[in-house]
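What follows is the content of work12.cif, which has mmCIF, C-alpha atoms:
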```cif
data_data
loop_
_atom_site.label_atom_id
_atom_site.label_comp_id
_atom_site.auth_asym_id
_atom_site.auth_seq_id
_atom_site.Cartn_x
_atom_site.Cartn_y
_atom_site.Cartn_z
CA MET A 20 -107.23 -20.41 -127.26
CA PRO A 21 -103.87 -20.25 -129.10
CA THR A 22 -101.73 -23.24 -128.22
CA THR A 23 -98.53 -22.64 -130.21
CA VAL A 24 -96.06 -19.76 -130.53
CA GLU A 25 -97.03 -19.29 -134.17
CA GLU A 26 -100.71 -19.03 -133.32
CA ARG A 27 -100.02 -16.50 -130.55
CA TRP A 28 -98.01 -14.36 -132.95
CA ARG A 29 -100.81 -14.56 -135.47
CA GLN A 30 -103.27 -13.38 -132.87
CA PHE A 31 -100.93 -10.53 -131.88
CA PHE A 32 -100.49 -9.37 -135.49
CA ARG A 33 -104.23 -9.37 -135.94
CA TRP A 34 -105.41 -7.78 -132.67
CA GLY A 35 -102.23 -6.16 -131.31
CA PRO A 36 -102.51 -2.94 -133.37
CA TYR A 37 -106.06 -2.41 -132.06
CA ALA A 38 -104.89 -2.88 -128.46
CA LEU A 39 -101.88 -0.57 -128.81
CA LEU A 40 -103.95 2.05 -130.57
CA GLY A 41 -106.55 1.83 -127.80
CA VAL A 42 -103.94 2.24 -125.06
CA GLY A 43 -102.27 5.12 -126.86
CA THR A 44 -105.60 6.84 -127.49
CA ALA A 45 -106.62 6.46 -123.83
CA ILE A 46 -103.40 8.00 -122.49
CA ALA A 47 -103.38 10.71 -125.17
CA GLY A 48 -106.98 11.54 -124.31
CA ALA A 49 -106.14 11.81 -120.62
CA SER A 50 -103.29 14.18 -121.38
CA GLY A 51 -105.01 15.92 -124.26
CA ASP A 52 -105.84 19.15 -122.43
CA ALA A 53 -102.19 19.71 -121.59
CA LEU A 54 -100.69 18.74 -124.94
CA MET A 55 -103.33 19.41 -127.63
CA ASP A 56 -105.74 22.14 -128.57
CA ARG A 57 -109.26 21.60 -129.93
CA ALA A 58 -108.17 21.37 -133.58
CA GLU A 59 -105.43 18.87 -132.77
CA LYS A 60 -107.89 16.76 -130.81
CA ALA A 61 -110.26 16.70 -133.78
CA ALA A 62 -107.42 15.79 -136.14
CA ALA A 63 -106.31 13.03 -133.78
CA GLY A 64 -109.84 11.62 -133.72
CA VAL A 65 -109.95 11.53 -137.53
CA LEU A 66 -106.54 9.84 -137.69
CA VAL A 67 -107.55 7.24 -135.08
CA ALA A 68 -110.68 6.42 -137.11
CA ALA A 69 -108.56 6.13 -140.26
CA ALA A 70 -106.18 3.75 -138.47
CA LEU A 71 -109.10 1.59 -137.29
CA LEU A 72 -110.50 1.44 -140.82
CA LEU A 73 -107.07 0.59 -142.24
CA HIS A 74 -106.66 -2.36 -139.86
CA ALA A 75 -110.22 -3.58 -140.44
CA VAL A 76 -109.70 -3.62 -144.21
CA TRP A 77 -106.31 -5.28 -143.86
CA ASN A 78 -107.53 -8.00 -141.50
CA ARG A 79 -110.45 -8.76 -143.81
CA ARG A 80 -108.08 -9.08 -146.74
CA CYS A 81 -105.78 -11.21 -144.60
CA ALA A 82 -108.57 -13.64 -143.73
CA ARG A 83 -109.66 -13.88 -147.37
CA LEU A 84 -106.14 -14.66 -148.61
CA VAL A 85 -105.60 -17.24 -145.88
CA ALA A 86 -108.85 -18.98 -146.87
CA THR A 87 -108.14 -18.94 -150.62
CA ALA A 88 -104.41 -19.69 -150.47
CA GLY A 89 -104.70 -22.41 -147.80
CA TRP A 90 -101.99 -20.94 -145.57
CA GLY A 91 -101.62 -22.72 -142.28
CA PRO A 92 -101.18 -21.30 -138.79
CA GLU A 93 -97.41 -21.32 -139.19
CA ARG A 94 -97.62 -18.13 -141.32
CA PRO A 95 -98.62 -15.00 -139.31
CA CYS A 96 -101.75 -13.27 -140.46
CA ALA A 97 -99.93 -9.99 -140.72
CA ALA A 98 -97.90 -11.28 -143.62
CA PRO A 99 -100.39 -12.40 -146.31
CA VAL A 100 -99.35 -10.93 -149.65
CA LEU A 101 -100.20 -11.33 -153.29
CA VAL A 102 -97.49 -13.96 -153.69
CA PRO A 103 -97.58 -16.53 -150.83
CA GLY A 104 -94.28 -16.73 -148.97
CA ALA A 105 -92.97 -13.24 -149.90
CA PRO A 106 -94.08 -9.64 -149.10
CA GLY A 107 -95.58 -7.63 -151.94
CA PRO A 108 -96.90 -4.19 -152.91
CA ALA A 109 -100.09 -4.50 -150.84
CA SER A 110 -98.27 -5.28 -147.60
CA THR A 111 -95.72 -2.51 -148.30
CA ALA A 112 -98.51 0.02 -148.85
CA HIS A 113 -100.22 -1.09 -145.63
CA PHE A 114 -97.02 -0.63 -143.62
CA VAL A 115 -96.31 2.80 -145.11
CA LEU A 116 -99.87 4.07 -144.45
CA ARG A 117 -99.90 2.77 -140.90
CA THR A 118 -96.46 4.25 -140.17
CA ALA A 119 -97.56 7.61 -141.59
CA LEU A 120 -100.70 7.59 -139.44
CA ALA A 121 -98.63 6.69 -136.37
CA PHE A 122 -96.15 9.48 -137.13
CA ALA A 123 -98.95 12.02 -137.54
CA LEU A 124 -100.62 10.92 -134.33
CA THR A 125 -97.31 11.09 -132.44
CA TRP A 126 -96.75 14.59 -133.86
CA LEU A 127 -100.06 15.57 -132.28
CA ASN A 128 -99.44 13.74 -128.99
CA PRO A 129 -96.23 11.86 -128.02
CA PHE A 130 -98.21 9.13 -126.27
CA PHE A 131 -99.48 7.82 -129.64
CA ALA A 132 -95.96 6.38 -130.04
CA ILE A 133 -97.39 3.41 -128.14
CA TYR A 134 -99.28 2.59 -131.35
CA ALA A 135 -96.26 3.31 -133.57
CA CYS A 136 -94.09 0.65 -131.87
CA VAL A 137 -96.06 -2.11 -133.60
CA GLY A 138 -93.87 -1.43 -136.65
CA TYR A 139 -90.90 -2.94 -134.83
CA PHE A 140 -92.67 -6.33 -134.83
CA ASP A 141 -94.02 -6.70 -138.36
CA ALA A 142 -91.67 -4.66 -140.60
CA VAL A 143 -89.79 -7.82 -141.65
CA HIS A 144 -93.11 -9.57 -142.46
CA LEU A 145 -94.74 -6.76 -144.44
CA LEU A 146 -91.76 -5.26 -146.28
CA PRO A 147 -89.40 -6.81 -148.83
CA ARG A 148 -85.99 -7.59 -147.37
CA ARG A 149 -84.32 -4.63 -149.08
CA LEU A 150 -86.84 -2.22 -147.47
CA ALA A 151 -87.09 -3.80 -144.02
CA HIS A 152 -84.28 -1.73 -142.46
CA ALA A 153 -85.69 1.49 -143.95
CA GLY A 154 -89.08 0.69 -142.42
CA LEU A 155 -87.49 0.12 -139.02
CA LEU A 156 -85.70 3.49 -139.28
CA LEU A 157 -89.03 5.23 -139.98
CA VAL A 158 -90.48 3.67 -136.84
CA ALA A 159 -87.32 4.70 -134.93
CA VAL A 160 -87.91 8.35 -136.01
CA THR A 161 -91.41 8.31 -134.53
CA MET A 162 -90.26 6.63 -131.30
CA ALA A 163 -87.29 9.02 -130.85
CA GLY A 164 -89.53 12.05 -131.42
CA SER A 165 -91.90 10.83 -128.73
CA GLN A 166 -89.12 10.02 -126.26
CA SER A 167 -87.35 13.38 -126.78
CA GLY A 168 -90.44 15.40 -125.83
CA GLY A 169 -92.57 15.45 -128.95
CA LEU A 170 -92.35 16.38 -132.59
CA PRO A 171 -90.93 18.63 -133.82
CA PRO A 172 -88.11 19.14 -131.26
CA ALA A 173 -88.56 22.60 -129.79
CA THR A 174 -85.00 23.51 -128.71
CA PRO A 175 -81.42 22.53 -129.58
CA VAL A 176 -81.38 20.33 -126.49
CA HIS A 177 -84.46 18.54 -127.75
CA TRP A 178 -82.82 18.10 -131.14
CA LEU A 179 -79.72 16.66 -129.46
CA ALA A 180 -81.88 14.29 -127.43
CA PHE A 181 -83.82 13.36 -130.55
CA GLY A 182 -80.59 12.50 -132.41
CA GLY A 183 -79.27 10.35 -129.60
CA LEU A 184 -82.56 8.57 -129.07
CA PHE A 185 -82.98 8.01 -132.80
CA ALA A 186 -79.50 6.43 -132.97
CA LEU A 187 -80.33 4.24 -129.97
CA ASN A 188 -83.71 3.17 -131.37
CA ALA A 189 -82.28 2.54 -134.82
CA CYS A 190 -79.41 0.39 -133.48
CA LEU A 191 -81.73 -1.57 -131.24
CA ALA A 192 -84.35 -2.06 -133.94
CA VAL A 193 -81.90 -3.09 -136.68
CA GLY A 194 -79.86 -5.25 -134.30
CA PHE A 195 -82.82 -7.11 -132.90
CA SER A 196 -84.27 -7.45 -136.39
CA HIS A 197 -81.01 -8.99 -137.59
CA LEU A 198 -80.98 -11.40 -134.65
CA GLY A 199 -84.61 -12.29 -135.29
CA THR A 200 -83.90 -12.92 -138.97
CA LYS A 201 -80.99 -15.19 -138.10
CA GLU A 202 -83.09 -17.03 -135.56
CA THR A 203 -85.83 -17.45 -138.15
CA GLU A 204 -83.32 -18.82 -140.64
CA LYS A 205 -81.99 -21.24 -138.03
CA ALA A 206 -85.51 -22.31 -137.20
CA ALA A 207 -86.18 -22.87 -140.90
CA GLU A 208 -82.97 -24.90 -141.17
CA ARG A 209 -83.96 -26.94 -138.11
CA ALA A 210 -87.40 -27.51 -139.57
CA ALA A 211 -85.83 -28.57 -142.88
CA THR A 212 -83.43 -30.88 -141.04
CA ILE A 213 -86.27 -32.40 -139.03
CA ALA A 214 -88.29 -32.85 -142.21
CA GLU A 215 -85.31 -34.49 -143.93
CA LEU A 216 -84.79 -36.74 -140.91
CA GLY A 217 -88.44 -37.67 -141.09
CA ARG A 218 -88.08 -38.54 -144.76
CA ALA A 219 -84.88 -40.46 -144.00
CA ASN A 220 -86.68 -42.36 -141.23
CA SER A 221 -89.49 -43.15 -143.64
CA ARG A 222 -86.99 -44.42 -146.20
CA LEU A 223 -85.23 -46.41 -143.48
CA GLU A 224 -88.51 -47.96 -142.35
CA GLN A 225 -89.30 -48.80 -145.95
CA ALA A 226 -85.85 -50.30 -146.41
CA LEU A 227 -86.23 -52.32 -143.20
CA ALA A 228 -89.60 -53.56 -144.38
CA GLU A 229 -88.09 -54.50 -147.76
CA ASN A 230 -85.17 -56.20 -146.01
CA ALA A 231 -87.57 -58.15 -143.82
CA ALA A 232 -89.48 -59.23 -146.92
CA LEU A 233 -86.22 -60.17 -148.67
CA GLN A 234 -85.06 -62.09 -145.61
CA ALA A 235 -88.32 -63.97 -145.52
CA GLN A 236 -87.97 -64.67 -149.23
CA LEU A 237 -84.37 -65.85 -148.78
CA LEU A 238 -85.40 -68.09 -145.91
CA LEU A 239 -88.14 -69.56 -148.09
CA GLN A 240 -85.71 -70.05 -150.97
CA ALA A 241 -83.15 -71.61 -148.63
CA ARG A 242 -85.80 -73.95 -147.29
CA GLU A 243 -86.88 -74.88 -150.80
CA ALA A 244 -83.25 -75.36 -151.84
CA GLY A 245 -82.66 -77.56 -148.80
CA ILE A 246 -85.72 -79.62 -149.64
CA ALA A 247 -84.59 -79.97 -153.26
CA ASP A 248 -81.06 -80.92 -152.18
CA GLU A 249 -82.40 -83.50 -149.76
CA ARG A 250 -84.59 -84.95 -152.49
CA ARG A 251 -81.59 -85.19 -154.81
CA ARG A 252 -79.59 -86.84 -152.05
CA LEU A 253 -82.29 -89.39 -151.37
CA ALA A 254 -82.75 -90.02 -155.08
CA ALA A 255 -79.03 -90.60 -155.50
CA GLU A 256 -78.86 -92.81 -152.41
CA ILE A 257 -81.83 -94.87 -153.56
CA HIS A 258 -80.29 -95.21 -157.01
CA ASP A 259 -76.92 -96.21 -155.58
CA THR A 260 -78.34 -98.70 -153.07
CA ILE A 261 -81.78 -100.10 -153.83
CA ALA A 262 -81.56 -99.79 -157.62
CA GLN A 263 -78.10 -101.32 -157.83
CA GLY A 264 -78.98 -104.00 -155.31
CA LEU A 265 -82.16 -104.93 -157.15
CA THR A 266 -80.21 -105.05 -160.40
CA GLY A 267 -77.80 -107.52 -158.80
CA VAL A 268 -80.70 -109.53 -157.38
CA VAL A 269 -82.35 -109.74 -160.79
CA THR A 270 -79.07 -110.76 -162.39
CA GLN A 271 -78.51 -113.54 -159.84
CA LEU A 272 -82.10 -114.76 -160.16
CA GLN A 273 -81.74 -114.88 -163.94
CA ALA A 274 -78.49 -116.82 -163.56
CA ALA A 275 -80.19 -119.21 -161.10
CA SER A 276 -83.03 -119.89 -163.54
CA ALA A 277 -80.51 -120.63 -166.27
CA ALA A 278 -78.18 -122.75 -164.07
CA PRO A 279 -77.52 -126.27 -165.38
CA ASP A 280 -77.72 -127.90 -161.93
CA ARG A 281 -79.32 -127.34 -158.55
CA GLU A 282 -76.04 -126.55 -156.78
CA SER A 283 -75.24 -123.67 -159.14
CA ALA A 284 -78.79 -122.38 -158.83
CA GLU A 285 -78.58 -122.38 -155.03
CA THR A 286 -75.30 -120.46 -155.21
CA HIS A 287 -76.95 -117.73 -157.27
CA LEU A 288 -79.96 -117.67 -154.97
CA ARG A 289 -77.71 -117.22 -151.91
CA ARG A 290 -76.01 -114.34 -153.66
CA ALA A 291 -79.40 -112.81 -154.49
CA ALA A 292 -80.50 -113.09 -150.85
CA GLY A 293 -77.22 -111.54 -149.67
CA LEU A 294 -77.61 -108.65 -152.11
CA ALA A 295 -81.19 -108.08 -150.96
CA ARG A 296 -80.11 -107.93 -147.29
CA HIS A 297 -77.20 -105.65 -148.15
CA SER A 298 -79.44 -103.32 -150.16
CA LEU A 299 -81.97 -103.19 -147.32
CA GLY A 300 -79.28 -102.11 -144.88
CA GLU A 301 -77.98 -99.50 -147.34
CA ALA A 302 -81.48 -98.14 -147.87
CA ARG A 303 -82.03 -97.72 -144.14
CA ARG A 304 -78.73 -95.93 -143.71
CA SER A 305 -79.30 -93.72 -146.75
CA VAL A 306 -82.59 -92.48 -145.32
CA ARG A 307 -80.80 -91.63 -142.06
CA ASN A 308 -77.94 -89.98 -144.04
CA LEU A 309 -75.40 -92.30 -142.36
CA SER A 310 -72.24 -93.73 -143.86
CA PRO A 311 -72.47 -96.75 -146.19
CA VAL A 312 -72.38 -100.16 -144.56
CA ALA A 313 -68.94 -100.86 -146.01
CA LEU A 314 -67.47 -97.86 -144.13
CA GLU A 315 -68.87 -98.70 -140.71
CA HIS A 316 -65.89 -100.82 -139.70
CA ASP A 317 -63.33 -100.12 -142.43
CA THR A 318 -61.43 -97.30 -144.14
CA LEU A 319 -62.15 -96.21 -147.69
CA PRO A 320 -59.35 -98.32 -149.27
CA GLY A 321 -60.55 -101.41 -147.42
CA ALA A 322 -64.19 -100.75 -148.31
CA LEU A 323 -63.27 -100.20 -151.98
CA ARG A 324 -61.16 -103.35 -152.06
CA ARG A 325 -64.01 -105.46 -150.67
CA THR A 326 -66.53 -103.78 -152.99
CA VAL A 327 -64.36 -104.52 -156.04
CA GLU A 328 -63.81 -108.14 -154.99
CA GLU A 329 -67.53 -108.76 -154.38
CA TRP A 330 -68.41 -107.05 -157.67
CA ALA A 331 -65.86 -109.17 -159.57
CA GLU A 332 -67.16 -112.37 -158.00
CA ARG A 333 -70.75 -111.43 -158.79
CA THR A 334 -70.18 -110.31 -162.39
CA GLY A 335 -67.29 -112.56 -163.42
CA VAL A 336 -65.29 -109.56 -164.64
CA ASP A 337 -61.56 -109.54 -163.87
CA ALA A 338 -61.28 -106.48 -161.59
CA ARG A 339 -58.27 -105.10 -159.72
CA PHE A 340 -58.03 -102.45 -157.02
CA THR A 341 -54.93 -100.28 -156.47
CA VAL A 342 -53.98 -97.58 -153.94
CA THR A 343 -51.27 -94.99 -154.70
CA GLY A 344 -49.76 -92.29 -152.51
CA THR A 345 -49.66 -92.07 -148.74
CA GLU A 346 -52.93 -93.16 -147.19
CA ALA A 347 -54.50 -90.56 -144.90
CA PRO A 348 -57.67 -90.49 -142.79
CA LEU A 349 -60.64 -88.99 -144.63
CA HIS A 350 -63.73 -87.11 -143.61
CA ASP A 351 -66.77 -89.39 -143.55
CA GLU A 352 -68.52 -87.41 -146.30
CA VAL A 353 -65.48 -87.65 -148.61
CA ALA A 354 -65.16 -91.40 -148.06
CA ALA A 355 -68.88 -92.01 -148.56
CA THR A 356 -68.94 -89.90 -151.74
CA LEU A 357 -66.01 -91.72 -153.36
CA LEU A 358 -67.40 -95.14 -152.39
CA ARG A 359 -70.79 -94.29 -153.92
CA ILE A 360 -69.13 -93.03 -157.10
CA ALA A 361 -67.10 -96.25 -157.35
CA GLN A 362 -70.22 -98.40 -156.81
CA GLU A 363 -72.15 -96.50 -159.48
CA ALA A 364 -69.28 -96.64 -161.97
CA LEU A 365 -68.90 -100.42 -161.45
CA SER A 366 -72.67 -100.87 -161.74
CA ASN A 367 -72.64 -99.03 -165.09
CA THR A 368 -69.73 -101.21 -166.24
CA ALA A 369 -71.62 -104.40 -165.38
CA ARG A 370 -74.85 -103.27 -167.04
CA HIS A 371 -73.66 -101.55 -170.18
CA SER A 372 -70.01 -102.11 -171.09
CA GLY A 373 -69.66 -105.87 -171.65
CA ALA A 374 -66.12 -105.51 -170.27
CA ALA A 375 -63.78 -108.40 -169.54
CA ARG A 376 -61.48 -106.40 -167.29
CA ALA A 377 -61.85 -103.42 -164.98
CA GLY A 378 -59.57 -101.48 -162.67
CA VAL A 379 -60.21 -99.16 -159.71
CA THR A 380 -57.40 -96.85 -158.49
CA LEU A 381 -57.51 -94.65 -155.40
CA SER A 382 -54.77 -91.97 -155.43
CA TYR A 383 -53.75 -89.75 -152.52
CA MET A 384 -52.28 -86.62 -154.14
CA GLY A 385 -51.37 -84.12 -151.41
CA ASP A 386 -54.45 -81.97 -150.88
CA GLU A 387 -56.59 -83.97 -153.31
CA ILE A 388 -57.78 -87.53 -153.63
CA THR A 389 -58.64 -89.10 -156.96
CA LEU A 390 -60.71 -92.17 -157.82
CA ASP A 391 -60.35 -93.73 -161.28
CA VAL A 392 -62.59 -96.54 -162.59
CA ARG A 393 -61.62 -98.01 -166.00
CA ASP A 394 -62.93 -100.84 -168.13
CA ASP A 395 -62.18 -102.32 -171.57
CA GLY A 396 -65.84 -102.50 -172.62
CA ARG A 397 -67.62 -101.22 -175.67
CA GLY A 398 -67.68 -97.59 -174.53
CA PHE A 399 -70.19 -95.03 -175.82
CA ASP A 400 -70.52 -91.62 -177.38
CA PRO A 401 -70.70 -89.17 -174.41
CA LEU A 402 -72.47 -86.56 -176.53
CA ALA A 403 -75.24 -89.01 -177.45
CA ARG A 404 -75.53 -90.87 -174.16
CA PRO A 405 -79.08 -91.53 -172.96
CA GLY A 406 -80.49 -88.99 -170.51
CA ARG A 407 -82.04 -89.44 -167.12
CA GLY A 408 -85.07 -91.59 -166.99
CA THR A 409 -84.22 -93.72 -170.05
CA GLY A 410 -82.94 -96.64 -168.02
CA GLU A 411 -79.51 -96.49 -169.65
CA GLY A 412 -77.46 -95.09 -166.84
CA GLY A 413 -77.74 -91.38 -167.48
CA PHE A 414 -78.90 -90.73 -163.94
CA GLY A 415 -75.83 -92.50 -162.59
CA LEU A 416 -73.40 -90.16 -164.34
CA ASP A 417 -75.38 -87.10 -163.28
CA GLY A 418 -75.56 -88.44 -159.73
CA MET A 419 -71.78 -88.96 -159.61
CA ARG A 420 -71.19 -85.40 -160.75
CA ALA A 421 -73.71 -84.04 -158.22
CA ARG A 422 -72.02 -85.95 -155.39
CA ALA A 423 -68.58 -84.62 -156.29
CA GLU A 424 -69.82 -81.05 -156.75
CA ARG A 425 -71.24 -81.05 -153.22
CA LEU A 426 -67.61 -81.40 -152.08
CA THR A 427 -66.37 -78.83 -154.66
CA GLY A 428 -64.98 -81.71 -156.68
CA THR A 429 -65.32 -82.86 -160.29
CA VAL A 430 -66.14 -86.00 -162.25
CA THR A 431 -64.87 -86.49 -165.80
CA VAL A 432 -65.71 -89.29 -168.21
CA GLU A 433 -63.39 -90.36 -171.04
CA THR A 434 -64.92 -92.81 -173.50
CA ALA A 435 -65.51 -93.55 -177.15
CA PRO A 436 -67.30 -96.37 -178.98
CA GLY A 437 -65.15 -99.52 -178.84
CA GLU A 438 -62.46 -97.97 -176.63
CA GLY A 439 -63.74 -98.60 -173.12
CA THR A 440 -64.63 -96.07 -170.45
CA ALA A 441 -62.68 -94.19 -167.75
CA VAL A 442 -64.44 -92.34 -164.94
CA SER A 443 -62.28 -90.01 -162.83
CA ALA A 444 -63.50 -88.31 -159.66
CA ARG A 445 -61.36 -85.64 -158.00
CA VAL A 446 -62.28 -84.09 -154.60
CA PRO A 447 -60.38 -82.14 -151.91
CA LEU A 448 -58.71 -84.31 -149.29
CA ALA A 449 -60.62 -83.29 -146.16
CA THR A 450 -59.55 -84.92 -142.91
CA PRO A 451 -61.84 -85.59 -139.91
#
```
Can you present the structure in this file as structure tokens?
Amino acid sequence: MPTTVEERWRQFFRWGPYALLGVGTAIAGASGDALMDRAEKAAAGVLVAAALLLHAVWNRRCARLVATAGWGPERPCAAPVLVPGAPGPASTAHFVLRTALAFALTWLNPFFAIYACVGYFDAVHLLPRRLAHAGLLLVAVTMAGSQSGGLPPATPVHWLAFGGLFALNACLAVGFSHLGTKETEKAAERAATIAELGRANSRLEQALAENAALQAQLLLQAREAGIADERRRLAAEIHDTIAQGLTGVVTQLQAASAAPDRESAETHLRRAAGLARHSLGEARRSVRNLSPVALEHDTLPGALRRTVEEWAERTGVDARFTVTGTEAPLHDEVAATLLRIAQEALSNTARHSGAARAGVTLSYMGDEITLDVRDDGRGFDPLARPGRGTGEGGFGLDGMRARAERLTGTVTVETAPGEGTAVSARVPLATP
């Protein structure tokens, strides 16, 4: 059974003409004795047979074109033509022949107009657009002749009735055809809009799927970046705490082994033990990402002053610490970063410079804070300095720069062979 409007129309276009012809023939036959003579009845029978043959041939052709062209149920069966989607010569010829048969039958008996009215339904499907209105007017002629008492009109009154009925039928047919065409166009526009919305939804779903994949990829990249950053942090912390502490321990042990007396050796051993304990505490705090030990109970200037004094006592280098500007409270991360940079710079001075004097200056400069570490050692060529992993301090310089960059700061190194070294770190002054 047909389930959609399109399928019902297709069934009507296929079987409707047979039904209308049957009804018209039945009524005409019942009234035949009053309206037709023997010759007219015979002619009507021949014309009815011709109409049946015409529709049988047309429906067979329709089914063949639907099967070969692959037209779906959305296209009525009455409209198959040589070119899919547009009426052609074959459909025009079919409409003209059927209309002529209907006109001839109505001429013989007005009740055959029941069969002729099928032209109102399929003229727009079978005829090109420029001929559709003409086809509807031909059908209106047949219908007006039937309604005015038969063809041809017998009296002037019949002619007057025929003219009025023809005008009425023509206006109704053309008007309803125009409304149907507009409705069809709107339906086509709605179908196109729905199809475009479907495509847009498909694109949106695809975009959402791509966005979900990108989000997952970004989350993975962020996780990997966080892991890499944490590894760099731990590497820098280990370098600034354990490595420096072990270097000091080794230095003190070497000094103890070379001491001329037991008292001097014990002094160096005590310093080595103190450095080992200090480094252990720093290592534990570095793993927990806490502030350096020196900042637990002191401000940055105090921690730097004590660090410089302990470093000078341990290395024998004449070191001075200076503060300029108005001291202000600092964010823990800023203080820890500058303290680590100072410790690394002093460690490099002790290991590589052979300096006799060193100076550390902390400068409060409005919205920035600057740390300068200078020495009068042998210096080096910054373009030829050893890289990371060579054991010559390259990692320390890279680590200082990485620490400052995490705070959107900078580290610059000014040095030349025989002219000492100056390390300057500049970071924004962030308060707690």
Self-check item: Non-local contacts of Arg420 of chain A (9 Å; all atoms listed in the file; under 2 positions in same chain excluded) as an MDAnalysis selection string
Solution: chainID A and resid 360 415:418 422:425 428:431 444
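The spacing separating atom CA of Leu71 of chain A from atom CA of Thr118 of chain A amounts to 13.2 Å.
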Self-check item: Atomic distance atom CA of Thr345 of chain A - atom CA of Arg325 of chain A, expressed in Å with one decimal
Solution: 19.7 Å
Quiz prompt | Near-Phe181 of chain A list (7 Å; all atoms listed in the file; drop same-chain fewer than 3 positions) as a ChimeraX atom specification | solution = /A:163-164,167,177-178,184-185
Generate the output file for the selected residues, C-alpha atoms, as a CSV table (one decimal), in the coordinates of the input.
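Dumped everything to result.csv:
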```csv
chain,number,residue,atom,x,y,z
A,163,ALA,CA,-87.3,9.0,-130.8
A,164,GLY,CA,-89.5,12.0,-131.4
A,167,SER,CA,-87.4,13.4,-126.8
A,177,HIS,CA,-84.5,18.5,-127.8
A,178,TRP,CA,-82.8,18.1,-131.1
A,184,LEU,CA,-82.6,8.6,-129.1
A,185,PHE,CA,-83.0,8.0,-132.8
```
Practice problem: Could you tell me which residues the PyMOL selection byres ((chain A and resi 377) around 10) grabs in this file, written as a count of residues only? | Solution: 23
Exercise. Around the point (-94.6, -2.0, -150.7), in the coordinates given by the file, pick out the residues reaching within 12 Å, counting all atoms listed in the file, and return them as a ChimeraX atom specification.
Key: /A:100-101,105-116,142-151,153-154
Quiz item: Evaluating the PyMOL selection byres ((chain A and resi 356) around 10) on the displayed file yields which residues, as a ChimeraX atom specification?
Solution: /A:310-311,351-355,357-362,419,421-423,425-426,444,446
Quiz item: If you measure from atom CA of Asp317 of chain A to atom CA of Thr341 of chain A, what distance in Å do you get, rounded to one decimal?
Solution: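 The value is 16.4 Å.
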Please enclose the listed atoms of segment 437-442 of chain A in an axis-aligned box, pad each side by 6 Å, and write out the centre and the three edge lengths in Å, rounded to one decimal, as JSON.
```
{"center_x": -63.8, "center_y": -95.9, "center_z": -171.9, "size_x": 14.7, "size_y": 19.2, "size_z": 25.9}
```
